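Coordinates from work-v2.cif are shown below (mmCIF, C-alpha atoms and all ligand atoms).
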```cif
data_protein
loop_
_atom_site.group_PDB
_atom_site.id
_atom_site.type_symbol
_atom_site.label_atom_id
_atom_site.label_comp_id
_atom_site.auth_asym_id
_atom_site.auth_seq_id
_atom_site.Cartn_x
_atom_site.Cartn_y
_atom_site.Cartn_z
ATOM 1 C CA MET A 1 0.000 0.000 0.000
ATOM 2 C CA ASP A 2 2.878 2.391 0.674
ATOM 3 C CA PHE A 3 3.663 2.300 -3.031
ATOM 4 C CA PHE A 4 0.280 3.694 -3.950
ATOM 5 C CA ARG A 5 0.240 6.177 -1.083
ATOM 6 C CA THR A 6 3.379 7.919 -2.315
ATOM 7 C CA HIS A 7 2.984 7.679 -6.064
ATOM 8 C CA TYR A 8 1.057 9.356 -8.817
ATOM 9 C CA GLY A 9 0.647 8.632 -12.493
ATOM 10 C CA ILE A 10 1.154 10.557 -15.689
ATOM 11 C CA THR A 11 -0.117 9.475 -19.033
ATOM 12 C CA ASP A 12 0.080 11.204 -22.370
ATOM 13 C CA ASN A 13 -2.226 8.548 -23.748
ATOM 14 C CA PRO A 14 -5.250 7.778 -21.622
ATOM 15 C CA CYS A 15 -5.390 4.329 -23.258
ATOM 16 C CA ALA A 16 -1.812 3.464 -22.333
ATOM 17 C CA HIS A 17 -0.791 1.696 -19.161
ATOM 18 C CA ASP A 18 -0.126 4.174 -16.402
ATOM 19 C CA VAL A 19 3.357 5.053 -15.241
ATOM 20 C CA ARG A 20 3.695 5.582 -11.528
ATOM 21 C CA VAL A 21 6.588 7.506 -10.127
ATOM 22 C CA HIS A 22 8.080 8.126 -6.708
ATOM 23 C CA ALA A 23 7.273 11.262 -4.755
ATOM 24 C CA LEU A 24 10.742 12.717 -4.249
ATOM 25 C CA PRO A 25 11.886 14.236 -0.964
ATOM 26 C CA ASP A 26 12.496 17.601 -2.670
ATOM 27 C CA LEU A 27 11.685 19.207 -6.015
ATOM 28 C CA ASN A 28 13.513 17.114 -8.570
ATOM 29 C CA ARG A 29 10.905 15.799 -10.930
ATOM 30 C CA VAL A 30 13.220 15.347 -13.880
ATOM 31 C CA ALA A 31 11.593 12.223 -15.300
ATOM 32 C CA GLU A 32 8.091 13.615 -14.932
ATOM 33 C CA LEU A 33 9.037 16.955 -16.505
ATOM 34 C CA ARG A 34 10.589 15.123 -19.448
ATOM 35 C CA ARG A 35 7.428 13.129 -19.872
ATOM 36 C CA LEU A 36 5.328 16.275 -19.905
ATOM 37 C CA ASP A 37 7.708 17.927 -22.374
ATOM 38 C CA ALA A 38 7.364 14.934 -24.689
ATOM 39 C CA ALA A 39 3.580 15.315 -24.681
ATOM 40 C CA LEU A 40 4.008 19.003 -25.490
ATOM 41 C CA GLN A 41 6.044 18.205 -28.583
ATOM 42 C CA ARG A 42 3.225 16.337 -30.251
ATOM 43 C CA PRO A 43 0.572 18.172 -32.270
ATOM 44 C CA ASP A 44 -2.457 18.605 -29.991
ATOM 45 C CA GLY A 45 -0.572 16.827 -27.198
ATOM 46 C CA PHE A 46 -2.699 15.980 -24.183
ATOM 47 C CA ALA A 47 -1.547 14.598 -20.856
ATOM 48 C CA ALA A 48 -3.540 13.639 -17.784
ATOM 49 C CA ILE A 49 -2.041 13.492 -14.311
ATOM 50 C CA TRP A 50 -3.758 11.804 -11.417
ATOM 51 C CA GLY A 51 -2.828 10.523 -8.030
ATOM 52 C CA ARG A 52 -3.505 10.539 -4.345
ATOM 53 C CA ARG A 53 -3.891 13.837 -2.570
ATOM 54 C CA ARG A 54 -0.837 15.869 -1.602
ATOM 55 C CA VAL A 55 1.741 13.921 -3.600
ATOM 56 C CA GLY A 56 2.853 17.022 -5.512
ATOM 57 C CA LYS A 57 0.776 17.125 -8.721
ATOM 58 C CA SER A 58 0.051 20.850 -8.560
ATOM 59 C CA ARG A 59 3.601 21.764 -7.656
ATOM 60 C CA LEU A 60 4.919 19.721 -10.572
ATOM 61 C CA LEU A 61 2.548 21.500 -12.951
ATOM 62 C CA LEU A 62 3.346 24.948 -11.566
ATOM 63 C CA GLU A 63 7.054 24.291 -11.980
ATOM 64 C CA TRP A 64 6.544 22.995 -15.508
ATOM 65 C CA CYS A 65 4.445 25.992 -16.538
ATOM 66 C CA ALA A 66 6.936 28.426 -15.044
ATOM 67 C CA SER A 67 9.830 26.862 -16.939
ATOM 68 C CA ARG A 68 7.979 26.575 -20.280
ATOM 69 C CA GLU A 69 6.106 29.869 -20.417
ATOM 70 C CA GLY A 70 2.930 27.919 -19.895
ATOM 71 C CA LEU A 71 -0.452 28.946 -18.599
ATOM 72 C CA TYR A 72 -1.477 27.414 -15.264
ATOM 73 C CA THR A 73 -5.158 27.586 -14.405
ATOM 74 C CA VAL A 74 -7.153 25.862 -11.705
ATOM 75 C CA ALA A 75 -10.822 24.961 -11.665
ATOM 76 C CA ASP A 76 -13.106 25.109 -8.634
ATOM 77 C CA GLY A 77 -16.718 24.526 -7.735
ATOM 78 C CA SER A 78 -17.994 27.789 -9.240
ATOM 79 C CA ALA A 79 -20.672 27.935 -11.914
ATOM 80 C CA ALA A 80 -19.436 27.601 -15.498
ATOM 81 C CA PRO A 81 -19.852 31.329 -16.406
ATOM 82 C CA VAL A 82 -17.742 32.294 -13.380
ATOM 83 C CA GLN A 83 -15.038 29.814 -14.334
ATOM 84 C CA ARG A 84 -15.059 31.088 -17.924
ATOM 85 C CA ARG A 85 -14.530 34.646 -16.698
ATOM 86 C CA TYR A 86 -11.630 33.523 -14.506
ATOM 87 C CA LEU A 87 -10.066 31.525 -17.338
ATOM 88 C CA ALA A 88 -10.493 34.394 -19.807
ATOM 89 C CA GLY A 89 -8.701 36.644 -17.321
ATOM 90 C CA GLU A 90 -5.786 34.231 -17.059
ATOM 91 C CA VAL A 91 -5.577 33.837 -20.842
ATOM 92 C CA ALA A 92 -5.560 37.640 -21.137
ATOM 93 C CA ARG A 93 -2.198 37.709 -19.332
ATOM 94 C CA ARG A 94 -0.814 36.150 -22.482
ATOM 95 C CA PHE A 95 -3.262 37.498 -25.041
ATOM 96 C CA PRO A 96 -4.270 41.045 -24.027
ATOM 97 C CA GLY A 97 -7.916 41.823 -24.676
ATOM 98 C CA PHE A 98 -8.971 38.212 -24.385
ATOM 99 C CA SER A 99 -11.184 38.906 -21.389
ATOM 100 C CA SER A 100 -12.857 42.022 -22.773
ATOM 101 C CA VAL A 101 -15.776 39.977 -24.092
ATOM 102 C CA GLU A 102 -18.164 37.574 -22.369
ATOM 103 C CA TYR A 103 -18.006 33.974 -23.626
ATOM 104 C CA PRO A 104 -21.465 32.376 -23.665
ATOM 105 C CA ASP A 105 -20.110 28.809 -23.776
ATOM 106 C CA TRP A 106 -16.885 26.816 -23.700
ATOM 107 C CA SER A 107 -16.701 26.391 -27.469
ATOM 108 C CA SER A 108 -16.560 30.128 -28.104
ATOM 109 C CA LEU A 109 -13.839 30.629 -25.488
ATOM 110 C CA LEU A 110 -11.761 27.651 -26.608
ATOM 111 C CA ASP A 111 -12.094 28.496 -30.308
ATOM 112 C CA ARG A 112 -10.729 31.989 -29.746
ATOM 113 C CA PHE A 113 -8.025 30.692 -27.422
ATOM 114 C CA ARG A 114 -6.938 28.233 -30.121
ATOM 115 C CA ALA A 115 -6.987 30.940 -32.814
ATOM 116 C CA GLU A 116 -4.856 33.292 -30.681
ATOM 117 C CA ALA A 117 -2.395 30.507 -29.906
ATOM 118 C CA VAL A 118 -2.037 29.534 -33.562
ATOM 119 C CA ALA A 119 -1.656 33.174 -34.684
ATOM 120 C CA SER A 120 1.100 33.825 -32.154
ATOM 121 C CA GLY A 121 2.804 30.436 -32.471
ATOM 122 C CA TRP A 122 2.257 29.672 -28.766
ATOM 123 C CA ARG A 123 2.079 25.907 -28.224
ATOM 124 C CA GLY A 124 1.397 25.802 -24.524
ATOM 125 C CA PRO A 125 1.454 24.188 -22.115
ATOM 126 C CA TRP A 126 -1.973 25.065 -20.815
ATOM 127 C CA VAL A 127 -2.691 23.354 -17.514
ATOM 128 C CA VAL A 128 -6.120 22.940 -15.952
ATOM 129 C CA ASP A 129 -5.589 21.766 -12.404
ATOM 130 C CA GLU A 130 -8.621 20.125 -10.773
ATOM 131 C CA LEU A 131 -10.189 19.522 -14.198
ATOM 132 C CA PRO A 132 -13.053 17.382 -12.777
ATOM 133 C CA TYR A 133 -14.551 20.527 -11.198
ATOM 134 C CA LEU A 134 -14.664 22.175 -14.595
ATOM 135 C CA ILE A 135 -16.341 19.177 -16.184
ATOM 136 C CA ALA A 136 -18.839 18.942 -13.332
ATOM 137 C CA SER A 137 -19.855 22.552 -14.020
ATOM 138 C CA ASP A 138 -20.648 21.780 -17.665
ATOM 139 C CA ARG A 139 -20.878 18.252 -18.988
ATOM 140 C CA SER A 140 -20.465 19.470 -22.577
ATOM 141 C CA LEU A 141 -16.900 20.632 -21.884
ATOM 142 C CA PRO A 142 -15.000 17.424 -22.768
ATOM 143 C CA SER A 143 -16.407 17.485 -26.290
ATOM 144 C CA ALA A 144 -15.281 21.110 -26.710
ATOM 145 C CA LEU A 145 -11.720 20.461 -25.534
HETATM 146 N N1 LIG B 1 8.809 17.459 -4.994
HETATM 147 C C1 LIG B 1 8.426 17.938 -3.830
HETATM 148 N N2 LIG B 1 9.303 18.021 -2.831
HETATM 149 C C2 LIG B 1 8.941 18.520 -1.639
HETATM 150 N N3 LIG B 1 7.717 18.958 -1.327
HETATM 151 C C3 LIG B 1 6.797 18.895 -2.284
HETATM 152 C C4 LIG B 1 7.092 18.387 -3.575
HETATM 153 N N4 LIG B 1 5.984 18.432 -4.314
HETATM 154 C C5 LIG B 1 5.036 18.962 -3.525
HETATM 155 N N5 LIG B 1 5.517 19.247 -2.320
HETATM 156 C C6 LIG B 1 4.751 19.807 -1.191
HETATM 157 O O1 LIG B 1 3.751 18.850 -0.864
HETATM 158 C C7 LIG B 1 2.497 19.508 -0.608
HETATM 159 C C8 LIG B 1 1.456 18.988 -1.571
HETATM 160 O O2 LIG B 1 1.810 19.386 -2.892
HETATM 161 P P1 LIG B 1 0.712 19.683 -3.990
HETATM 162 O O3 LIG B 1 -0.298 20.663 -3.492
HETATM 163 O O4 LIG B 1 1.438 20.006 -5.227
HETATM 164 O O5 LIG B 1 0.033 18.251 -4.087
HETATM 165 P P2 LIG B 1 -1.223 17.773 -4.946
HETATM 166 O O6 LIG B 1 -0.926 16.398 -5.393
HETATM 167 O O7 LIG B 1 -1.533 18.768 -6.005
HETATM 168 O O8 LIG B 1 -2.371 17.787 -3.860
HETATM 169 P P3 LIG B 1 -3.967 17.733 -4.108
HETATM 170 O O9 LIG B 1 -4.292 16.327 -4.504
HETATM 171 O O10 LIG B 1 -4.526 18.095 -2.762
HETATM 172 O O11 LIG B 1 -4.314 18.730 -5.179
HETATM 173 C C9 LIG B 1 2.756 21.001 -0.740
HETATM 174 O O12 LIG B 1 3.000 21.547 0.530
HETATM 175 C C10 LIG B 1 4.000 21.074 -1.608
HETATM 176 O O13 LIG B 1 4.756 22.242 -1.366
HETATM 177 MG MG MG B 2 -3.266 19.832 -6.452
#
```
Turn the structure described in the file into structure tokens.
Amino acid sequence: MDFFRTHYGITDNPCAHDVRVHALPDLNRVAELRRLDAALQRPDGFAAIWGRRRVGKSRLLLEWCASREGLYTVADGSAAPVQRRYLAGEVARRFPGFSSVEYPDWSSLLDRFRAEAVASGWRGPWVVDELPYLIASDRSLPSAL
């Protein structure tokens, strides 16, 4: 049981077997960062990270975003329109003016986000920590991602 208490998984292919890694005593997530970088290299790369509470998932993602000029966002239990406004505000740090309009649904926000990223050549990473909260607020979100 100790193994599973101190480990989390990363997959860049939700169909692949999961890879579990040790929680290190201090920040030194070289293997995990490499794995995330590899996912970023692929067109439309997607990676999911899961694991027991407090094993360091958020800290790993914050460190990765900071070192790769990424965008770290975190979902919560707010209603979908509130979370869209928050996300638009975070995206506006990279793309000024992004939050000056109201997005009526996830598709409109994500379509513009994608267009801005393509136009500027920005390839991410974009992190959504606590993604299940976002999906719970709007079940149509996974199909828009
Ligand atoms: N590599 C690390 N070395 C030392 N301390 C770490 C490391 N990673 C995370 N921590 C510390 O462990 C605690 C939990 O980290 P973090 O919040 O990133 O975990 P989490 O997996 O995202 O938790 P949750 O499941 O609650 O979201 C924090 O206090 C963080 O500073
Ligand atoms: Mg966390």
Name all residues at most 9 Å from Val101 (chain A) (count all atoms listed in the file; drop same-chain ones fewer than 3 positions away) and give them as a list in words. Ala88, Gly97 and Phe98 of chain A
Dump as JSON lines the rows for residues of chain A within 9 Å of ligand MG 2 (chain B): closest atom pair and distance in Å with one decimal, all atoms listed in the file counted, ordered by chain and rising residue number.
```
{"residue": "A:Arg53", "atom": "CA", "partner": "B:MG2", "partner_atom": "MG", "distance": 7.2}
{"residue": "A:Arg54", "atom": "CA", "partner": "B:MG2", "partner_atom": "MG", "distance": 6.7}
{"residue": "A:Val55", "atom": "CA", "partner": "B:MG2", "partner_atom": "MG", "distance": 8.3}
{"residue": "A:Gly56", "atom": "CA", "partner": "B:MG2", "partner_atom": "MG", "distance": 6.8}
{"residue": "A:Lys57", "atom": "CA", "partner": "B:MG2", "partner_atom": "MG", "distance": 5.4}
{"residue": "A:Ser58", "atom": "CA", "partner": "B:MG2", "partner_atom": "MG", "distance": 4.1}
{"residue": "A:Arg59", "atom": "CA", "partner": "B:MG2", "partner_atom": "MG", "distance": 7.2}
{"residue": "A:Leu61", "atom": "CA", "partner": "B:MG2", "partner_atom": "MG", "distance": 8.9}
{"residue": "A:Val74", "atom": "CA", "partner": "B:MG2", "partner_atom": "MG", "distance": 8.9}
{"residue": "A:Asp129", "atom": "CA", "partner": "B:MG2", "partner_atom": "MG", "distance": 6.7}
{"residue": "A:Glu130", "atom": "CA", "partner": "B:MG2", "partner_atom": "MG", "distance": 6.9}
```
Do you know which residues the PyMOL selection byres (((chain A and resi 104) around 12) and not hetatm) returns on this file, as a PyMOL selection string? chain A and resi 80-85+88+101-103+105-110
Here's the selection I'm unsure about, the PyMOL selection byres (((chain A and resi 114-117) around 12) and not hetatm); applied to the file above, which residues does it give, as a list in words?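 Taken on the displayed file, the PyMOL selection byres (((chain A and resi 114-117) around 12) and not hetatm) yields the residues Asp44, Gly70, Leu71, Val91, Ala92, Arg94, Phe95, Pro96, Gly97, Phe98, Trp106, Ser107, Ser108, Leu109, Leu110, Asp111, Arg112, Phe113, Val118, Ala119, Ser120, Gly121, Trp122, Arg123, Gly124, Pro125, Trp126, Ala144 and Leu145 of chain A.
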Please dump the current selection as an mmCIF file, in the frame of the given file; keep C-alpha atoms.
```cif
data_model
loop_
_atom_site.group_PDB
_atom_site.id
_atom_site.type_symbol
_atom_site.label_atom_id
_atom_site.label_comp_id
_atom_site.auth_asym_id
_atom_site.auth_seq_id
_atom_site.Cartn_x
_atom_site.Cartn_y
_atom_site.Cartn_z
ATOM 1 C CA ASP A 44 -2.457 18.605 -29.991
ATOM 2 C CA GLY A 70 2.930 27.919 -19.895
ATOM 3 C CA LEU A 71 -0.452 28.946 -18.599
ATOM 4 C CA VAL A 91 -5.577 33.837 -20.842
ATOM 5 C CA ALA A 92 -5.560 37.640 -21.137
ATOM 6 C CA ARG A 94 -0.814 36.150 -22.482
ATOM 7 C CA PHE A 95 -3.262 37.498 -25.041
ATOM 8 C CA PRO A 96 -4.270 41.045 -24.027
ATOM 9 C CA GLY A 97 -7.916 41.823 -24.676
ATOM 10 C CA PHE A 98 -8.971 38.212 -24.385
ATOM 11 C CA TRP A 106 -16.885 26.816 -23.700
ATOM 12 C CA SER A 107 -16.701 26.391 -27.469
ATOM 13 C CA SER A 108 -16.560 30.128 -28.104
ATOM 14 C CA LEU A 109 -13.839 30.629 -25.488
ATOM 15 C CA LEU A 110 -11.761 27.651 -26.608
ATOM 16 C CA ASP A 111 -12.094 28.496 -30.308
ATOM 17 C CA ARG A 112 -10.729 31.989 -29.746
ATOM 18 C CA PHE A 113 -8.025 30.692 -27.422
ATOM 19 C CA VAL A 118 -2.037 29.534 -33.562
ATOM 20 C CA ALA A 119 -1.656 33.174 -34.684
ATOM 21 C CA SER A 120 1.100 33.825 -32.154
ATOM 22 C CA GLY A 121 2.804 30.436 -32.471
ATOM 23 C CA TRP A 122 2.257 29.672 -28.766
ATOM 24 C CA ARG A 123 2.079 25.907 -28.224
ATOM 25 C CA GLY A 124 1.397 25.802 -24.524
ATOM 26 C CA PRO A 125 1.454 24.188 -22.115
ATOM 27 C CA TRP A 126 -1.973 25.065 -20.815
ATOM 28 C CA ALA A 144 -15.281 21.110 -26.710
ATOM 29 C CA LEU A 145 -11.720 20.461 -25.534
#
```
Taking only C-alpha atoms and all ligand atoms into account, which of A:Ala48, A:Leu60, A:Leu131, A:Val30 comes nearest ligand LIG 1 (chain B)? A:Leu60
From the list A:Leu36, A:Ser78, A:Val128, A:Ser100, which residue is nearest ligand LIG 1 (chain B) when using only C-alpha atoms and all ligand atoms?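 Smallest separation from ligand LIG 1 (chain B) among the options: A:Val128.
If you look at CA of Glu69 (chain A) and CA of Leu40 (chain A), they are 12.2 Å away from each other.
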The distance between atom C5 of ligand LIG 1 (chain B) and CA of Ala79 (chain A) is 28.5 Å
In Å, rounded to a single decimal, give me how far CA of Tyr86 (chain A) is from CA of Ser140 (chain A).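 Computing it gives 18.5 Å between the two atoms.
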My list of candidates is A:Ala38, A:Ala47, A:Ala136, A:Ala31. Which is closest to ligand LIG 1 (chain B) when distances are computed with all atoms listed in the file? A:Ala31
Test item: the PyMOL selection byres (((chain A and resi 77) around 8) and not hetatm) resolved as number ranges by chain: A: 75-76, 78-79, 133-134, 137
